[in-house]
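Have a look at data06.txt below; it lists compact mmCIF, C-alpha atoms and all ligand atoms.
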# COMPACT_ATOMS: atom_id res chain seq x y z
CA MET R 1422 95.46 -173.95 207.04
CA ARG R 1423 95.40 -177.47 205.74
CA PHE R 1424 95.50 -176.26 202.16
CA ASN R 1425 98.69 -174.39 202.70
CA THR R 1426 100.95 -177.35 202.46
CA ALA R 1427 99.70 -178.43 199.11
CA LEU R 1428 99.55 -174.90 197.82
CA LEU R 1429 103.02 -174.01 198.85
CA ALA R 1430 104.47 -177.23 197.57
CA VAL R 1431 103.02 -176.51 194.19
CA THR R 1432 104.01 -172.89 194.01
CA ALA R 1433 107.45 -173.57 195.30
CA ALA R 1434 107.92 -176.10 192.59
CA GLY R 1435 106.80 -173.56 190.07
CA THR R 1436 104.20 -175.82 188.56
CA ALA R 1437 101.18 -173.67 189.11
CA VAL R 1438 101.45 -171.74 185.91
CA ALA R 1439 100.47 -173.33 182.68
CA ASP R 1440 98.23 -172.52 179.79
CA ARG R 1441 94.69 -172.16 180.97
CA PRO R 1442 92.18 -173.67 178.54
CA ALA R 1443 89.73 -171.11 177.19
CA ASN R 1444 86.77 -173.07 178.50
CA GLU R 1445 87.97 -173.09 182.08
CA SER R 1446 87.53 -170.16 184.47
CA ILE R 1447 90.47 -168.60 186.25
CA CYS R 1448 89.04 -169.78 189.57
CA ASP R 1449 88.59 -173.38 188.51
CA TYR R 1450 91.90 -173.59 186.73
CA TYR R 1451 93.98 -172.27 189.61
CA THR R 1452 92.06 -174.22 192.21
CA THR R 1453 93.09 -177.39 190.42
CA ALA R 1454 96.63 -176.18 189.87
CA LEU R 1455 97.22 -175.08 193.45
CA LEU R 1456 94.90 -177.23 195.57
CA LYS R 1457 94.35 -180.28 193.34
CA GLU R 1458 90.70 -181.12 193.79
CA ASN R 1459 88.37 -178.57 192.18
CA ASN R 1460 85.50 -178.47 194.67
CA ALA R 1461 83.64 -175.76 196.59
CA THR R 1462 85.86 -175.97 199.67
CA ASN R 1463 89.04 -175.55 197.69
CA GLN R 1464 87.65 -172.76 195.53
CA TYR R 1465 86.70 -170.88 198.71
CA THR R 1466 90.20 -171.48 200.05
CA LEU R 1467 91.73 -170.09 196.86
CA LEU R 1468 89.65 -166.94 197.20
CA THR R 1469 90.57 -166.68 200.87
CA LEU R 1470 94.26 -166.83 200.05
CA LEU R 1471 93.94 -164.37 197.20
CA VAL R 1472 91.87 -161.83 199.11
CA ASN R 1473 93.73 -162.08 202.41
CA THR R 1474 97.06 -161.62 200.66
CA ALA R 1475 95.80 -158.60 198.73
CA VAL R 1476 94.45 -157.07 201.94
CA ILE R 1477 97.35 -157.58 204.36
CA GLY R 1478 100.23 -158.31 201.99
CA ASN R 1479 102.03 -161.60 201.36
CA TYR R 1480 102.07 -163.80 204.42
CA THR R 1481 102.39 -167.33 203.12
CA GLN R 1482 105.82 -168.88 203.33
CA PRO R 1483 107.19 -169.15 200.79
CA ASN R 1484 105.55 -167.62 197.77
CA VAL R 1485 107.02 -167.44 194.30
CA GLY R 1486 109.04 -164.37 195.26
CA VAL R 1487 106.52 -161.60 194.71
CA MET R 1488 106.22 -158.97 197.43
CA VAL R 1489 102.69 -157.73 198.08
CA PRO R 1490 102.59 -154.53 200.17
CA GLY R 1491 98.88 -154.94 200.89
CA ILE R 1492 95.79 -152.76 200.80
CA LEU R 1493 96.04 -152.11 204.54
CA ASN R 1494 99.58 -150.79 204.25
CA PRO R 1495 99.69 -147.13 205.35
CA ASN R 1496 102.80 -146.59 203.24
CA GLY R 1497 101.44 -147.61 199.88
CA THR R 1498 102.51 -145.93 196.68
CA TYR R 1499 101.04 -145.90 193.21
CA ASN R 1500 102.58 -144.05 190.30
CA ASN R 1501 105.12 -142.64 192.74
CA THR R 1502 102.36 -141.12 194.80
CA LYS R 1503 101.57 -142.02 198.38
CA VAL R 1504 98.35 -143.98 198.85
CA ASN R 1505 96.90 -144.82 202.25
CA LEU R 1506 93.60 -146.67 202.22
CA VAL R 1507 93.72 -147.67 205.89
CA PRO R 1508 91.46 -144.81 207.14
CA TYR R 1509 88.64 -146.17 205.02
CA PHE R 1510 88.81 -149.42 206.94
CA ASP R 1511 89.60 -148.47 210.51
CA GLY R 1512 86.86 -145.93 211.12
CA GLY R 1513 89.06 -142.88 210.55
CA LEU R 1514 86.73 -141.58 207.84
CA ALA R 1515 82.96 -141.33 207.62
CA SER R 1516 82.98 -143.26 204.37
CA THR R 1517 80.56 -146.16 204.60
CA ASN R 1518 77.02 -146.08 203.24
CA ASP R 1519 75.34 -147.20 206.45
CA GLY R 1520 74.02 -143.75 207.24
CA GLY R 1521 71.45 -143.11 204.55
CA ASN R 1522 72.30 -139.86 202.79
CA MET R 1523 75.59 -139.33 204.56
CA GLY R 1524 78.69 -141.36 205.09
CA VAL R 1525 79.34 -142.86 208.50
CA ALA R 1526 82.51 -144.25 210.04
CA LYS R 1527 82.79 -147.95 210.72
CA ASN R 1528 85.67 -150.09 211.90
CA PHE R 1529 86.19 -153.01 209.55
CA LEU R 1530 89.17 -154.30 211.50
CA ASP R 1531 87.06 -155.33 214.48
CA GLY R 1532 87.42 -159.08 214.03
CA GLY R 1533 91.04 -159.39 215.07
CA GLY R 1534 92.62 -157.36 212.29
CA ALA R 1535 95.45 -158.99 210.36
CA ALA R 1536 96.07 -161.88 212.77
CA PRO R 1537 93.18 -164.12 211.67
CA LEU R 1538 93.84 -163.29 208.02
CA MET R 1539 97.33 -164.68 208.43
CA LYS R 1540 95.67 -167.89 209.57
CA ASN R 1541 93.62 -167.95 206.36
CA MET R 1542 90.48 -166.86 208.12
CA PRO R 1543 88.26 -163.80 207.55
CA ALA R 1544 88.07 -162.85 211.23
CA ASP R 1545 88.25 -164.25 214.75
CA ASP R 1546 84.45 -164.35 214.93
CA THR R 1547 81.44 -164.51 212.64
CA THR R 1548 79.64 -161.35 213.71
CA SER R 1549 82.16 -158.54 213.17
CA ASN R 1550 82.17 -155.97 210.39
CA GLN R 1551 85.46 -157.54 209.38
CA TYR R 1552 83.90 -160.98 208.97
CA LYS R 1553 81.14 -159.57 206.81
CA LEU R 1554 83.51 -157.57 204.62
CA LEU R 1555 86.00 -160.36 204.06
CA THR R 1556 83.46 -163.08 203.38
CA HIS R 1557 81.66 -160.76 200.97
CA LEU R 1558 84.93 -160.23 199.19
CA TYR R 1559 85.54 -163.96 198.87
CA GLN R 1560 82.04 -164.41 197.52
CA PHE R 1561 81.96 -161.45 195.14
CA PHE R 1562 85.36 -162.20 193.69
CA GLY R 1563 84.45 -165.86 193.47
CA SER R 1564 81.71 -164.93 191.06
CA LEU R 1565 83.91 -162.49 189.19
CA LEU R 1566 86.56 -165.14 188.68
CA GLY R 1567 84.03 -167.68 187.52
CA CYS R 1568 84.18 -170.18 190.36
CA SER R 1569 81.91 -173.01 189.22
CA GLU R 1570 80.97 -174.06 192.75
CA VAL R 1571 79.64 -170.74 194.00
CA GLY R 1572 76.28 -171.37 195.61
CA MET R 1573 77.22 -174.91 196.64
CA THR R 1574 77.87 -176.08 200.19
CA GLY R 1575 81.22 -174.65 201.17
CA PHE R 1576 80.99 -171.54 198.98
CA ALA R 1577 77.93 -169.37 199.62
CA ALA R 1578 76.91 -167.01 196.83
CA TYR R 1579 77.29 -163.26 197.30
CA ALA R 1580 74.09 -161.74 198.58
CA GLY R 1581 75.31 -158.40 199.91
CA ASP R 1582 74.56 -154.94 198.56
CA ALA R 1583 74.05 -155.34 194.83
CA SER R 1584 75.47 -152.01 193.65
CA MET R 1585 79.18 -151.37 194.13
CA TYR R 1586 78.49 -147.69 193.48
CA GLU R 1587 76.13 -147.58 196.47
CA VAL R 1588 78.61 -149.45 198.67
CA HIS R 1589 81.51 -147.16 197.80
CA LYS R 1590 79.96 -143.80 196.98
CA PHE R 1591 80.95 -142.06 200.22
CA MET R 1592 84.55 -143.15 199.82
CA VAL R 1593 85.00 -140.94 196.73
CA LEU R 1594 87.98 -142.89 195.48
CA ASP R 1595 90.30 -141.54 192.81
CA PRO R 1596 92.29 -143.28 190.06
CA LEU R 1597 95.44 -143.62 192.14
CA GLN R 1598 93.58 -145.23 195.02
CA MET R 1599 91.80 -147.55 192.61
CA GLY R 1600 95.08 -148.32 190.90
CA TYR R 1601 96.70 -149.22 194.19
CA PHE R 1602 93.83 -151.46 195.18
CA ILE R 1603 93.72 -153.35 191.90
CA GLU R 1604 97.49 -153.61 191.84
CA GLN R 1605 97.43 -155.36 195.21
CA VAL R 1606 94.96 -157.90 193.85
CA ALA R 1607 97.19 -158.46 190.84
CA LEU R 1608 100.30 -158.81 192.97
CA SER R 1609 98.51 -161.26 195.24
CA ALA R 1610 97.63 -163.41 192.24
CA ALA R 1611 101.18 -163.15 190.97
CA SER R 1612 102.51 -164.24 194.35
CA PHE R 1613 100.67 -167.54 193.91
CA GLY R 1614 102.02 -168.09 190.41
CA VAL R 1615 99.03 -166.95 188.37
CA ALA R 1616 100.06 -166.38 184.76
CA THR R 1617 100.64 -162.84 183.60
CA SER R 1618 98.04 -163.14 180.86
CA ASP R 1619 95.41 -164.12 183.43
CA ILE R 1620 96.40 -161.30 185.76
CA GLU R 1621 96.15 -158.80 182.92
CA ALA R 1622 92.71 -160.09 181.99
CA VAL R 1623 91.52 -159.71 185.56
CA GLY R 1624 93.07 -156.27 185.89
CA GLN R 1625 91.38 -155.09 182.73
CA ALA R 1626 88.06 -156.51 183.85
CA LEU R 1627 88.32 -154.78 187.20
CA GLY R 1628 89.39 -151.54 185.62
CA SER R 1629 86.58 -151.43 183.10
CA LEU R 1630 84.03 -152.38 185.73
CA PHE R 1631 85.04 -150.01 188.53
CA ASN R 1632 87.39 -147.30 187.31
CA TYR R 1633 84.99 -145.09 185.35
CA ARG R 1634 82.61 -142.51 186.75
CA CYS R 1635 78.92 -142.87 186.04
CA ALA R 1636 79.15 -146.19 184.19
CA PRO R 1637 75.88 -147.71 182.99
CA LYS R 1638 74.50 -150.69 184.90
CA THR R 1639 76.49 -153.90 184.59
CA THR R 1640 75.75 -157.40 185.83
CA VAL R 1641 78.34 -159.02 188.08
CA ILE R 1642 76.24 -161.33 190.23
CA LYS R 1643 73.72 -162.92 187.90
CA ALA R 1644 71.02 -163.20 190.53
CA GLN R 1645 71.32 -159.48 191.25
CA GLY R 1646 71.03 -158.38 187.63
CA PRO R 1647 72.45 -155.15 186.17
CA GLN R 1648 73.59 -152.67 188.81
CA TYR R 1649 75.55 -149.44 189.03
CA GLN R 1650 79.11 -150.55 189.70
CA SER R 1651 81.28 -147.42 189.46
CA VAL R 1652 83.69 -147.32 192.39
CA CYS R 1653 85.99 -144.58 191.12
CA THR R 1654 83.77 -141.56 191.72
CA ASP R 1655 86.19 -138.71 192.33
CA GLU R 1656 86.12 -135.95 189.73
CA SER R 1657 89.51 -137.06 188.51
CA CYS R 1658 88.15 -140.45 187.43
CA PRO R 1659 87.57 -140.84 183.70
CA LEU R 1660 83.97 -140.55 182.61
CA ALA R 1661 82.34 -143.72 181.26
CA ASP R 1662 80.82 -144.00 177.81
CA ASN R 1663 77.06 -143.47 177.96
CA ALA R 1664 77.51 -141.98 181.39
CA THR R 1665 74.61 -142.04 183.83
CA CYS R 1666 75.73 -139.41 186.31
CA ALA R 1667 72.30 -138.41 187.54
CA ALA R 1668 71.91 -141.91 188.95
CA GLN R 1669 75.41 -141.94 190.40
CA PRO R 1670 76.10 -138.47 191.75
CA SER R 1671 79.52 -137.67 193.05
CA MET R 1672 79.87 -136.90 196.73
CA SER R 1673 82.11 -134.66 198.76
CA GLN R 1674 85.26 -136.21 200.09
CA PRO R 1675 84.53 -138.17 203.29
CA LEU R 1676 84.65 -136.34 206.58
CA VAL R 1677 87.29 -137.14 209.11
CA ALA R 1678 85.70 -139.10 211.96
CA ASN R 1679 88.87 -139.56 214.01
CA ALA R 1680 91.80 -137.38 213.04
CA THR R 1681 94.37 -139.74 214.49
CA LEU R 1682 93.08 -142.63 212.48
CA ALA R 1683 92.38 -140.54 209.38
CA ASP R 1684 96.10 -139.81 209.18
CA GLY R 1685 95.68 -136.86 206.85
CA GLU R 1686 93.11 -138.44 204.54
CA GLY R 1687 89.62 -137.05 204.04
CA ARG R 1688 88.05 -133.70 204.83
CA MET R 1689 87.81 -131.93 208.17
CA PRO R 1690 84.31 -130.87 209.26
CA SER R 1691 83.63 -127.33 208.11
CA GLY R 1692 84.35 -124.82 210.78
CA SER R 1693 86.99 -126.92 212.35
CA ALA R 1694 90.63 -126.12 212.40
CA THR R 1695 92.43 -124.59 209.53
CA MET R 1696 90.39 -125.53 206.57
CA SER R 1697 89.88 -122.93 203.91
CA MET R 1698 88.45 -124.83 201.07
CA SER R 1699 86.71 -123.11 198.25
CA GLY R 1700 84.02 -125.08 196.55
CA GLY R 1701 83.90 -128.55 197.92
CA SER R 1702 83.51 -128.06 201.59
CA THR R 1703 79.81 -127.57 201.81
CA GLY R 1704 78.25 -130.23 203.85
CA THR R 1705 78.42 -133.93 204.08
CA ALA R 1706 77.25 -135.95 201.19
CA THR R 1707 76.48 -133.04 198.98
CA MET R 1708 75.12 -134.42 195.80
CA SER R 1709 76.06 -132.73 192.60
CA GLY R 1710 73.56 -134.40 190.39
CA GLY R 1711 75.78 -134.46 187.39
CA ALA R 1712 79.15 -135.29 186.10
CA SER R 1713 80.66 -132.16 187.47
CA GLY R 1714 80.52 -132.66 191.14
CA THR R 1715 81.56 -131.12 194.34
CA ALA R 1716 84.95 -132.66 194.22
CA SER R 1717 86.55 -129.73 192.49
CA GLY R 1718 87.16 -128.26 195.87
CA ALA R 1719 89.13 -131.28 196.80
CA SER R 1720 92.37 -130.15 195.33
CA SER R 1721 92.13 -126.72 196.74
CA PRO R 1722 94.29 -125.39 199.49
CA SER R 1723 93.75 -127.42 202.57
CA SER R 1724 96.70 -129.41 203.65
CA THR R 1725 94.55 -132.00 205.31
CA PHE R 1726 92.97 -132.84 202.04
CA ASN R 1727 95.53 -134.83 200.21
CA ALA R 1728 93.20 -137.38 198.78
CA ALA R 1729 92.50 -135.66 195.54
CA SER R 1730 96.12 -135.18 194.74
CA HIS R 1731 96.91 -138.83 194.92
CA ALA R 1732 95.01 -141.97 195.52
CA ALA R 1733 91.63 -141.27 196.92
CA PRO R 1734 90.47 -143.11 199.93
CA GLY R 1735 89.34 -146.44 198.86
CA LEU R 1736 88.44 -149.15 201.23
CA THR R 1737 85.50 -149.82 199.15
CA GLY R 1738 88.11 -150.38 196.59
CA VAL R 1739 88.91 -153.55 198.36
CA PHE R 1740 85.50 -154.73 197.74
CA ALA R 1741 85.57 -153.54 194.22
CA ALA R 1742 88.89 -154.96 193.30
CA LEU R 1743 88.03 -158.26 194.75
CA VAL R 1744 84.78 -158.31 192.97
CA ALA R 1745 86.28 -157.49 189.67
CA PHE R 1746 88.93 -160.04 190.08
CA LEU R 1747 86.39 -162.78 190.44
CA ALA R 1748 84.28 -161.72 187.55
CA LEU R 1749 86.08 -163.50 184.80
C1 LIG R 1801 87.20 -177.98 177.88
O1 LIG R 1801 87.46 -178.48 176.60
C2 LIG R 1801 88.17 -179.71 176.62
C3 LIG R 1801 88.57 -180.08 175.18
O2 LIG R 1801 87.56 -179.70 174.30
C4 LIG R 1801 87.28 -180.78 177.26
O3 LIG R 1801 87.95 -182.02 177.31
C5 LIG R 1801 86.96 -180.32 178.69
O4 LIG R 1801 86.05 -181.23 179.28
C6 LIG R 1801 86.33 -178.93 178.68
N1 LIG R 1801 86.24 -178.50 180.05
C7 LIG R 1801 85.16 -177.91 180.53
C8 LIG R 1801 85.21 -177.47 181.95
O5 LIG R 1801 84.15 -177.74 179.85
C1 LIG R 1802 87.26 -180.83 198.59
O1 LIG R 1802 88.44 -181.58 198.55
C2 LIG R 1802 89.18 -181.55 199.77
C3 LIG R 1802 90.45 -182.33 199.55
O2 LIG R 1802 91.24 -181.63 198.61
C4 LIG R 1802 88.34 -182.13 200.90
O3 LIG R 1802 89.05 -182.02 202.12
C5 LIG R 1802 87.03 -181.37 201.01
O4 LIG R 1802 86.21 -181.96 201.99
C6 LIG R 1802 86.32 -181.36 199.68
N1 LIG R 1802 85.13 -180.53 199.77
C7 LIG R 1802 83.95 -180.92 199.30
C8 LIG R 1802 82.84 -179.93 199.42
O5 LIG R 1802 83.77 -182.00 198.78
C1 LIG R 1803 106.81 -161.35 201.05
O1 LIG R 1803 107.44 -161.68 199.84
C2 LIG R 1803 108.79 -161.23 199.74
C3 LIG R 1803 109.28 -161.59 198.36
O2 LIG R 1803 109.21 -162.98 198.17
C4 LIG R 1803 109.62 -161.86 200.85
O3 LIG R 1803 110.96 -161.35 200.79
C5 LIG R 1803 109.01 -161.54 202.19
O4 LIG R 1803 109.72 -162.23 203.21
C6 LIG R 1803 107.55 -161.96 202.23
N1 LIG R 1803 106.95 -161.53 203.48
C7 LIG R 1803 106.31 -162.38 204.27
C8 LIG R 1803 105.79 -161.82 205.54
O5 LIG R 1803 106.12 -163.55 203.98
C1 LIG R 1804 105.22 -146.64 207.43
O1 LIG R 1804 106.16 -145.59 207.44
C2 LIG R 1804 106.36 -145.05 208.73
C3 LIG R 1804 107.25 -143.85 208.59
O2 LIG R 1804 108.37 -144.18 207.80
C4 LIG R 1804 106.96 -146.12 209.64
O3 LIG R 1804 107.14 -145.62 210.94
C5 LIG R 1804 106.00 -147.30 209.71
O4 LIG R 1804 106.57 -148.37 210.43
C6 LIG R 1804 105.65 -147.79 208.31
N1 LIG R 1804 104.59 -148.77 208.42
C7 LIG R 1804 104.57 -149.89 207.70
C8 LIG R 1804 103.43 -150.82 207.95
O5 LIG R 1804 105.41 -150.14 206.87
C1 LIG R 1805 100.33 -143.21 186.15
O1 LIG R 1805 101.40 -142.60 185.44
C2 LIG R 1805 101.33 -142.83 184.04
C3 LIG R 1805 102.60 -142.28 183.43
O2 LIG R 1805 102.80 -140.95 183.86
C4 LIG R 1805 100.09 -142.19 183.47
O3 LIG R 1805 100.00 -142.44 182.09
C5 LIG R 1805 98.88 -142.79 184.15
O4 LIG R 1805 97.71 -142.13 183.72
C6 LIG R 1805 99.01 -142.65 185.65
N1 LIG R 1805 97.90 -143.36 186.27
C7 LIG R 1805 97.13 -142.80 187.17
C8 LIG R 1805 96.03 -143.65 187.72
O5 LIG R 1805 97.29 -141.67 187.55
C1 LIG R 1806 76.40 -146.41 174.21
O1 LIG R 1806 75.06 -146.36 173.76
C2 LIG R 1806 74.92 -146.59 172.37
C3 LIG R 1806 73.46 -146.36 171.99
O2 LIG R 1806 72.62 -147.05 172.89
C4 LIG R 1806 75.38 -148.01 172.07
O3 LIG R 1806 75.28 -148.28 170.69
C5 LIG R 1806 76.83 -148.16 172.49
O4 LIG R 1806 77.24 -149.51 172.34
C6 LIG R 1806 76.99 -147.78 173.96
N1 LIG R 1806 78.40 -147.81 174.29
C7 LIG R 1806 78.87 -148.51 175.32
C8 LIG R 1806 80.34 -148.45 175.53
O5 LIG R 1806 78.13 -149.15 176.05
C1 LIG R 1807 90.65 -141.99 217.75
O1 LIG R 1807 91.24 -143.27 217.58
C2 LIG R 1807 92.25 -143.55 218.53
C3 LIG R 1807 92.92 -144.83 218.10
O2 LIG R 1807 91.97 -145.87 218.00
C4 LIG R 1807 91.63 -143.62 219.90
O3 LIG R 1807 92.63 -143.90 220.86
C5 LIG R 1807 90.96 -142.30 220.20
O4 LIG R 1807 90.26 -142.39 221.44
C6 LIG R 1807 89.98 -141.90 219.12
N1 LIG R 1807 89.54 -140.55 219.34
C7 LIG R 1807 88.26 -140.25 219.45
C8 LIG R 1807 87.95 -138.80 219.65
O5 LIG R 1807 87.37 -141.11 219.36
As structure tokens - that is how I would like this structure written.
Amino acid sequence: MRFNTALLAVTAAGTAVADRPANESICDYYTTALLKENNATNQYTLLTLLVNTAVIGNYTQPNVGVMVPGILNPNGTYNNTKVNLVPYFDGGLASTNDGGNMGVAKNFLDGGGAAPLMKNMPADDTTSNQYKLLTHLYQFFGSLLGCSEVGMTGFAAYAGDASMYEVHKFMVLDPLQMGYFIEQVALSAASFGVATSDIEAVGQALGSLFNYRCAPKTTVIKAQGPQYQSVCTDESCPLADNATCAAQPSMSQPLVANATLADGEGRMPSGSATMSMSGGSTGTATMSGGASGTASGASSPSSTFNAASHAAPGLTGVFAALVAFLAL
């Protein structure tokens, strides 16, 4: 919390925004602008503020007057369509890649939820799923945003799963869900006084990296080399140039693991309840092998299956958006 005073003083005074020199990364420039000394500790703090605000909404007092609804807001909207990414984070959907060839549910809010984030921490502990997710986000986005001190004491380099496609493939996110996620990152940056031109650059970088289906391998973390990074994998996502869909098959929408928590997102297990889906309901993790996947069933009749019609479930989007943000 010690950085807050300096940060808020600067942002309140409106001095954070200025012309960033072309030879300075977004991370380094705004660390200096907001926290003065450009070292590993302060760069990590900047990423903590940025990510935590994107995830839970604006919590610092004051900011420059930008409201950030937050990725974990169940009442999100994008393009006038409701988006609720919460079930991807709270274990409501079987959407993580921890289960081999099928998605499994996992609670990523097991380290105290929003409370520690509001204290500029990733979690209450260092062993929870929440701690791992948040610190990975700080690290991944730190690299994306060009933090010069990544890898130094105080800012460990990202060493998690190398492929964002693999991390997010069972989430089956759609363009509205991706749009909401990236918008929260942009709003978070704006709330700290980041210049519009820099926000647009980050948004474009994130969009080109994550928002296309079947995109060829791209390097984000140098030490990890080129990797499949597509996070938008729903059928409604635009197809990348030089698409490599055989390597990045689309999956069925994630199964509901806990209907209360799922809150209407995802797909009910076949045979249960009132589902009457046509094509897409066969099995968990059905691989389509090509660009035309199983997701076509997603928009068919079932009322529990609202994901395809608006923002797809996208907790992995958190990861993705954060990553992309840092990439510049
Ligand atoms: C950026 O360029 C300016 C002017 O050429 C130079 O003074 C400064 O040291 C450079 N900064 C970095 C981080 O290379
Ligand atoms: C970075 O600078 C801050 C003061 O702004 C200081 O508290 C911190 O210890 C420094 N970190 C490193 C790694 O030197
Ligand atoms: C978020 O930002 C808005 C706009 O500045 C402000 O009205 C609101 O009080 C902030 N919320 C919190 C929790 O700081
Ligand atoms: C979301 O909307 C519901 C219904 O209007 C409301 O009860 C709930 O408090 C809202 N939640 C948040 C976090 O805004
Ligand atoms: C949002 O709406 C605009 C205007 O209708 C449209 O051009 C754009 O494609 C939409 N974006 C998404 C992700 O649906
Ligand atoms: C697609 O592949 C062709 C041939 O390898 C290459 O010239 C072109 O630059 C690629 N396009 C993109 C967007 O990567
Ligand atoms: C679903 O989640 C709710 C809220 O956490 C919990 O109370 C309930 O026991 C869960 N249901 C099942 C079947 O696990």
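Taking only C-alpha atoms and all ligand atoms into account, the protein and nucleic acid residues that come at most 7 Å from ligand LIG 1805 (chain R) are Asn1500, Pro1596, Leu1597 and Gly1600 of chain R.
Minimum atom-to-atom distances from R:Pro1508, R:Pro1442, R:Pro1495, R:Gly1575 to ligand LIG 1804 (chain R) were compared using all atoms listed in the file, and the lowest value belongs to R:Pro1495.
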Go ahead and compute the interatomic distance for CA of Thr1453 in chain R and CA of Val1623 in chain R, in Å to one decimal.
-> 18.4 Å
Within 10 Å of ligand LIG 1802 (chain R) (all atoms listed in the file), residues as a short mmCIF file (atom, residue, chain, number, x, y, z; two decimals) with C-alpha atoms, in the frame of the given file:
data_model
loop_
_atom_site.label_atom_id
_atom_site.label_comp_id
_atom_site.auth_asym_id
_atom_site.auth_seq_id
_atom_site.Cartn_x
_atom_site.Cartn_y
_atom_site.Cartn_z
CA ARG R 1423 95.40 -177.47 205.74
CA PHE R 1424 95.50 -176.26 202.16
CA ALA R 1427 99.70 -178.43 199.11
CA THR R 1452 92.06 -174.22 192.21
CA THR R 1453 93.09 -177.39 190.42
CA LEU R 1456 94.90 -177.23 195.57
CA LYS R 1457 94.35 -180.28 193.34
CA GLU R 1458 90.70 -181.12 193.79
CA ASN R 1459 88.37 -178.57 192.18
CA ASN R 1460 85.50 -178.47 194.67
CA ALA R 1461 83.64 -175.76 196.59
CA THR R 1462 85.86 -175.97 199.67
CA ASN R 1463 89.04 -175.55 197.69
CA GLN R 1464 87.65 -172.76 195.53
CA TYR R 1465 86.70 -170.88 198.71
CA THR R 1466 90.20 -171.48 200.05
CA GLU R 1570 80.97 -174.06 192.75
CA MET R 1573 77.22 -174.91 196.64
CA THR R 1574 77.87 -176.08 200.19
CA GLY R 1575 81.22 -174.65 201.17
CA PHE R 1576 80.99 -171.54 198.98
#
Would you mind telling me which residue in R:Ser1564, R:Asn1522, R:Asn1505, R:Gln1645 lies nearest to Leu1682 in chain R when using all atoms listed in the file?
-> R:Asn1505
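Omitting range 1660-1665 of chain R and its sequence neighbours fewer than 4 positions away, and counting all atoms listed in the file, the residues within 8 Å are Tyr1633, Arg1634, Cys1635, Ala1636, Pro1637, Gln1669 and Ala1712 of chain R.
For the residues R:Val1487, R:Cys1448, R:Ala1443, R:Val1504, ranking by smallest atom-to-atom distance to ligand LIG 1804 (chain R) using all atoms listed in the file places R:Val1504 first.
Proximity to ligand LIG 1804 (chain R) was assessed for R:Asn1479, R:Asn1494, R:Ser1569, R:Gln1674 counting only C-alpha atoms and all ligand atoms; the smallest distance is recorded for R:Asn1494.
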